[in-house]
Amino acid sequence: MGSVEKDELDAGAQFVLKSRGSWIHCGYHLTTSIVAPSLLSLPFAFASLGWTAGVASLVIGALVTFYSYNLLSLVLEHHAHLGHRHLRFRDMANDILGPRWGRYYVGPIQFLVCYGAVVGSTLLGGQCMKAIYLLSNPDGNMKLFEFVIIFGGLMLILAQIPSFHSLRHINLVSLVLCLAYSTCATAGSIYIGSSSKGPKKDYSLSSNDESRIFGIFNSLAIIATPLGNGIIPEIQATLAPPVKGKMFKGLCVCYGVVTVTFFSVAISGYWAFGNQADGLILTNFLDDGKPLVPKWFILMTNAFTILQLSAVAVVYLQPTNEVLERTFADPTSGEFSLRNVVPRVISRSVSVIIATTIAAMLPFFGDINAVIGAFGFIPLDFVLPVVFFNLTFKPSKKGVLFWLNVTIAVVFATLGVIAAVAAVRQISLDAKTYRLFANV
């Protein structure tokens with residue numbers, strides 16, 4: 001795919017990635033794609049890292065992603081200035097690393113990451129719905145996959161929203177929601193931690209060397225996943241030209257929210273539950289099915305989480321939608337002409353149905369998510385941006401900038417490889433307990 005001039009009639013770019021937004025819209029999109037309910041597993045990551053390492057890796061992760069997203073947007077601005085406005089991650093890779101990288105590495109990985117995020121959100125939505133159901137009906141016999149299918153039904157409707165730009169109102173609501181459930185999670189943890197109901201606080205790390213080392217790398221992948229965002233170029237593509245400086249403002253909005261939500265949830269959750277912290281901190285609010293906080297509080301937190309999950313899933317469907325539009329839509333007819341609406345509804349519905357089926361079949365997706373984080377988010381968000389920057393602007397090899405970027409690329413590439421090994425090991429350990437359509 002050439003630059004925009006040569007390719008006037010690309011339906012994917014024309015219908016899905018409309019360039020009309022302001023920097024604040026861009027802030028909403030960024031926030032929804034970064035601050036997702038996966039941040040509720042941060043206390044669990046802290047449990048294998050301990051206080052110092054946990055806080056340090058969260059701070060470093062936040063700083064490095066903020067830095068590399070800004071580099072990405074500078075590279076994008078530079079190319080837009082030269083007259084090649086890149087609308088997608090793989091276009092950037094094609095242009096900077098060569099077409100084979102874009103087609104065989106960046107494209108598929110971005111697709112996997114985004115689709116994985118959709119499957120993960122659907123599964124998590126189902127789990128939250130099940131938590132609400134069990135609270136109101138403790139002896140109920142509905143299975144997890146039934147809730148996943150209900151959530152998939154909600155997604156079927158939301159997936160039909162035509163373009164990324166038209167999600168801006170939903171994403172504003174989602175920004176408010178993520179503040180809401182983070183506040184709830186923090187408040188709940190503080191309430192349980194300061195009352196006598198909570199577990200005894202124990203912050204000791206695992207004494208077994210092997211499991212401690214792998215636990216550390218698995219936790220780093222867990223921290224990289226909520227900070228990850230595989231769709232920076234697509235979000236920048238929704239901005240109305242001139243683009244200059246808008247992305248920085250949007251990122252500032254987003255990281256303001258990140259600082260408030262990530263740190264409060266991670267620190268309060270780990271403080272309250274120590275190394276008992278669960279993969280999803282909300283599960284800690286129930287002790288053997290007995291709520292440790294008032295029932296309405298758990299209901300409210302889960303409701304906020306479900307609503308925001310649907311927004312997150314829709315944002316991460318955009319790259320898939322864009323591929324589908326490019327394949328099936330006819331750019332010469334109107335966006336809402338029958339010729340385009342029918343294939344759009346069918347193709348998007350099929351992609352949601354597949355994601356829902358995967359989520360219902362593989363409810364042990366948390367482990368697979370760590371693999372996606374290691375293979376997908378770490379290269380896309382920590383390694384590639386600095387490589388792109390060095391190849392585009394060629395900073396002097398005597399300067400700090402060049403070596404800072406090289407260090408980031410090397411350190412995080414190594415981390416990614418080790419985290420991938422750790423995540424695969426975790427899957428093989430849990431493989432003994434796996435069943436399709438399990439009722440977790």
# chains A, B, ... in the order shown; residues from 1 in each chain; ligands from 1

$ residues_around --residues "region 317-322 of chain A" --least-positions-apart "2" --cutoff "6 Å" --atoms "only C-alpha atoms" --output "list in words"
Gly12, Val16, Val314, Val315, Leu324 and Glu325 of chain A

$ write_last_selection --atoms "all heavy atoms" --output "short mmCIF file (atom, residue, chain, number, x, y, z; two decimals), in the first residue's frame"
data_model
loop_
_atom_site.label_atom_id
_atom_site.label_comp_id
_atom_site.auth_asym_id
_atom_site.auth_seq_id
_atom_site.Cartn_x
_atom_site.Cartn_y
_atom_site.Cartn_z
N GLY A 12 -10.58 1.06 3.75
CA GLY A 12 -10.26 0.92 5.18
C GLY A 12 -9.96 2.26 5.79
O GLY A 12 -10.50 2.64 6.82
N VAL A 16 -12.95 3.79 8.14
CA VAL A 16 -12.71 3.48 9.55
C VAL A 16 -11.86 4.55 10.22
O VAL A 16 -12.13 4.99 11.31
CB VAL A 16 -12.06 2.08 9.71
CG1 VAL A 16 -11.80 1.80 11.17
CG2 VAL A 16 -12.99 1.02 9.15
N VAL A 314 -14.24 -2.69 21.64
CA VAL A 314 -14.59 -2.04 20.38
C VAL A 314 -13.39 -1.27 19.80
O VAL A 314 -13.16 -1.28 18.60
CB VAL A 314 -15.81 -1.10 20.58
CG1 VAL A 314 -16.08 -0.33 19.33
CG2 VAL A 314 -17.03 -1.91 20.93
N VAL A 315 -12.61 -0.63 20.67
CA VAL A 315 -11.43 0.09 20.18
C VAL A 315 -10.45 -0.89 19.55
O VAL A 315 -9.89 -0.64 18.47
CB VAL A 315 -10.74 0.87 21.32
CG1 VAL A 315 -9.36 1.35 20.90
CG2 VAL A 315 -11.59 2.06 21.71
N LEU A 324 -11.07 -5.66 7.30
CA LEU A 324 -12.29 -6.18 6.70
C LEU A 324 -12.85 -5.19 5.67
O LEU A 324 -13.24 -5.57 4.58
CB LEU A 324 -13.35 -6.45 7.77
CG LEU A 324 -13.03 -7.56 8.77
CD1 LEU A 324 -14.04 -7.57 9.90
CD2 LEU A 324 -13.01 -8.92 8.09
N GLU A 325 -12.88 -3.87 6.06
CA GLU A 325 -13.41 -2.86 5.14
C GLU A 325 -12.58 -2.85 3.87
O GLU A 325 -13.11 -2.71 2.77
CB GLU A 325 -13.29 -1.44 5.72
CG GLU A 325 -14.15 -1.06 6.87
CD GLU A 325 -15.62 -0.86 6.60
OE1 GLU A 325 -16.03 0.24 6.21
OE2 GLU A 325 -16.39 -1.80 6.83
#

$ residues_around --residues "Leu135 (chain A)" --least-positions-apart "4" --cutoff "8 Å" --atoms "only C-alpha atoms" --output "list in words"
Ala131, Gly289 and Lys295 of chain A

$ write_last_selection --atoms "C-alpha atoms" --output "PDB file, in the first residue's frame"
ATOM      1  CA  ALA A 131     -19.518 -12.632  39.654  1.00  0.00           C
ATOM      2  CA  GLY A 289     -18.104 -16.560  48.378  1.00  0.00           C
ATOM      3  CA  LYS A 295     -22.745  -6.374  48.166  1.00  0.00           C
TER       4      LYS A 295
END

$ residues_around --residues "Pro363 (chain A)" --least-positions-apart "6" --cutoff "12 Å" --atoms "only C-alpha atoms" --output "number ranges by chain"
A: 119-127, 143-148, 356-357, 369, 433-440

$ residues_around --residues "Ser73 (chain A)" --least-positions-apart "6" --cutoff "12 Å" --atoms "only C-alpha atoms" --output "ChimeraX atom specification"
/A:66-67,79-80,85-89,92,231-237,239,243-251,385-386,388-389

$ select_by_dssp --residues "region 27-85 of chain A" --states "alpha helix (DSSP H)" --output "ChimeraX atom specification"
/A:27-34,42-81

$ decode --residues "region 235-253 of chain A" --atoms "N, CA, C and O atoms" --output "tab-separated table (two decimals), in the first residue's frame"
chain	number	residue	atom	x	y	z
A	235	ILE	N	-4.55	5.66	16.00
A	235	ILE	CA	-5.17	6.74	16.79
A	235	ILE	C	-4.72	8.08	16.24
A	235	ILE	O	-5.51	9.01	16.09
A	236	GLN	N	-3.43	8.18	15.92
A	236	GLN	CA	-2.93	9.44	15.36
A	236	GLN	C	-3.63	9.73	14.02
A	236	GLN	O	-3.83	10.87	13.65
A	237	ALA	N	-4.01	8.67	13.30
A	237	ALA	CA	-4.69	8.85	12.01
A	237	ALA	C	-6.08	9.47	12.18
A	237	ALA	O	-6.63	9.99	11.22
A	238	THR	N	-6.66	9.41	13.40
A	238	THR	CA	-7.99	10.01	13.56
A	238	THR	C	-7.90	11.51	13.80
A	238	THR	O	-8.92	12.18	13.89
A	239	LEU	N	-6.68	12.06	13.95
A	239	LEU	CA	-6.53	13.49	14.19
A	239	LEU	C	-6.69	14.28	12.89
A	239	LEU	O	-6.23	13.86	11.84
A	240	ALA	N	-7.33	15.45	13.01
A	240	ALA	CA	-7.42	16.33	11.85
A	240	ALA	C	-6.06	17.02	11.65
A	240	ALA	O	-5.45	17.44	12.63
A	241	PRO	N	-5.57	17.13	10.41
A	241	PRO	CA	-4.32	17.87	10.20
A	241	PRO	C	-4.52	19.34	10.56
A	241	PRO	O	-5.66	19.80	10.49
A	242	PRO	N	-3.50	20.14	10.92
A	242	PRO	CA	-2.13	19.71	11.17
A	242	PRO	C	-2.01	18.94	12.47
A	242	PRO	O	-2.65	19.28	13.46
A	243	VAL	N	-1.14	17.91	12.47
A	243	VAL	CA	-1.07	16.98	13.58
A	243	VAL	C	-0.15	17.49	14.69
A	243	VAL	O	-0.22	17.06	15.82
A	244	LYS	N	0.72	18.46	14.34
A	244	LYS	CA	1.84	18.79	15.22
A	244	LYS	C	1.44	19.04	16.67
A	244	LYS	O	0.55	19.83	16.96
A	245	GLY	N	2.11	18.34	17.59
A	245	GLY	CA	1.91	18.60	19.02
A	245	GLY	C	0.62	18.06	19.61
A	245	GLY	O	0.48	18.00	20.83
A	246	LYS	N	-0.35	17.66	18.76
A	246	LYS	CA	-1.63	17.22	19.33
A	246	LYS	C	-1.48	15.91	20.07
A	246	LYS	O	-2.13	15.67	21.09
A	247	MET	N	-0.61	15.05	19.54
A	247	MET	CA	-0.47	13.73	20.12
A	247	MET	C	0.13	13.84	21.52
A	247	MET	O	-0.25	13.11	22.44
A	248	PHE	N	1.06	14.78	21.69
A	248	PHE	CA	1.69	14.96	23.01
A	248	PHE	C	0.64	15.35	24.04
A	248	PHE	O	0.59	14.80	25.14
A	249	LYS	N	-0.24	16.28	23.66
A	249	LYS	CA	-1.31	16.69	24.60
A	249	LYS	C	-2.21	15.51	24.92
A	249	LYS	O	-2.59	15.31	26.08
A	250	GLY	N	-2.55	14.73	23.88
A	250	GLY	CA	-3.41	13.57	24.10
A	250	GLY	C	-2.76	12.58	25.05
A	250	GLY	O	-3.40	12.03	25.95
A	251	LEU	N	-1.44	12.36	24.85
A	251	LEU	CA	-0.71	11.43	25.71
A	251	LEU	C	-0.66	11.94	27.14
A	251	LEU	O	-0.69	11.16	28.09
A	252	CYS	N	-0.57	13.27	27.30
A	252	CYS	CA	-0.56	13.83	28.66
A	252	CYS	C	-1.88	13.56	29.37
A	252	CYS	O	-1.89	13.18	30.55
A	253	VAL	N	-3.00	13.73	28.64
A	253	VAL	CA	-4.31	13.40	29.22
A	253	VAL	C	-4.29	11.94	29.67
A	253	VAL	O	-4.62	11.60	30.81
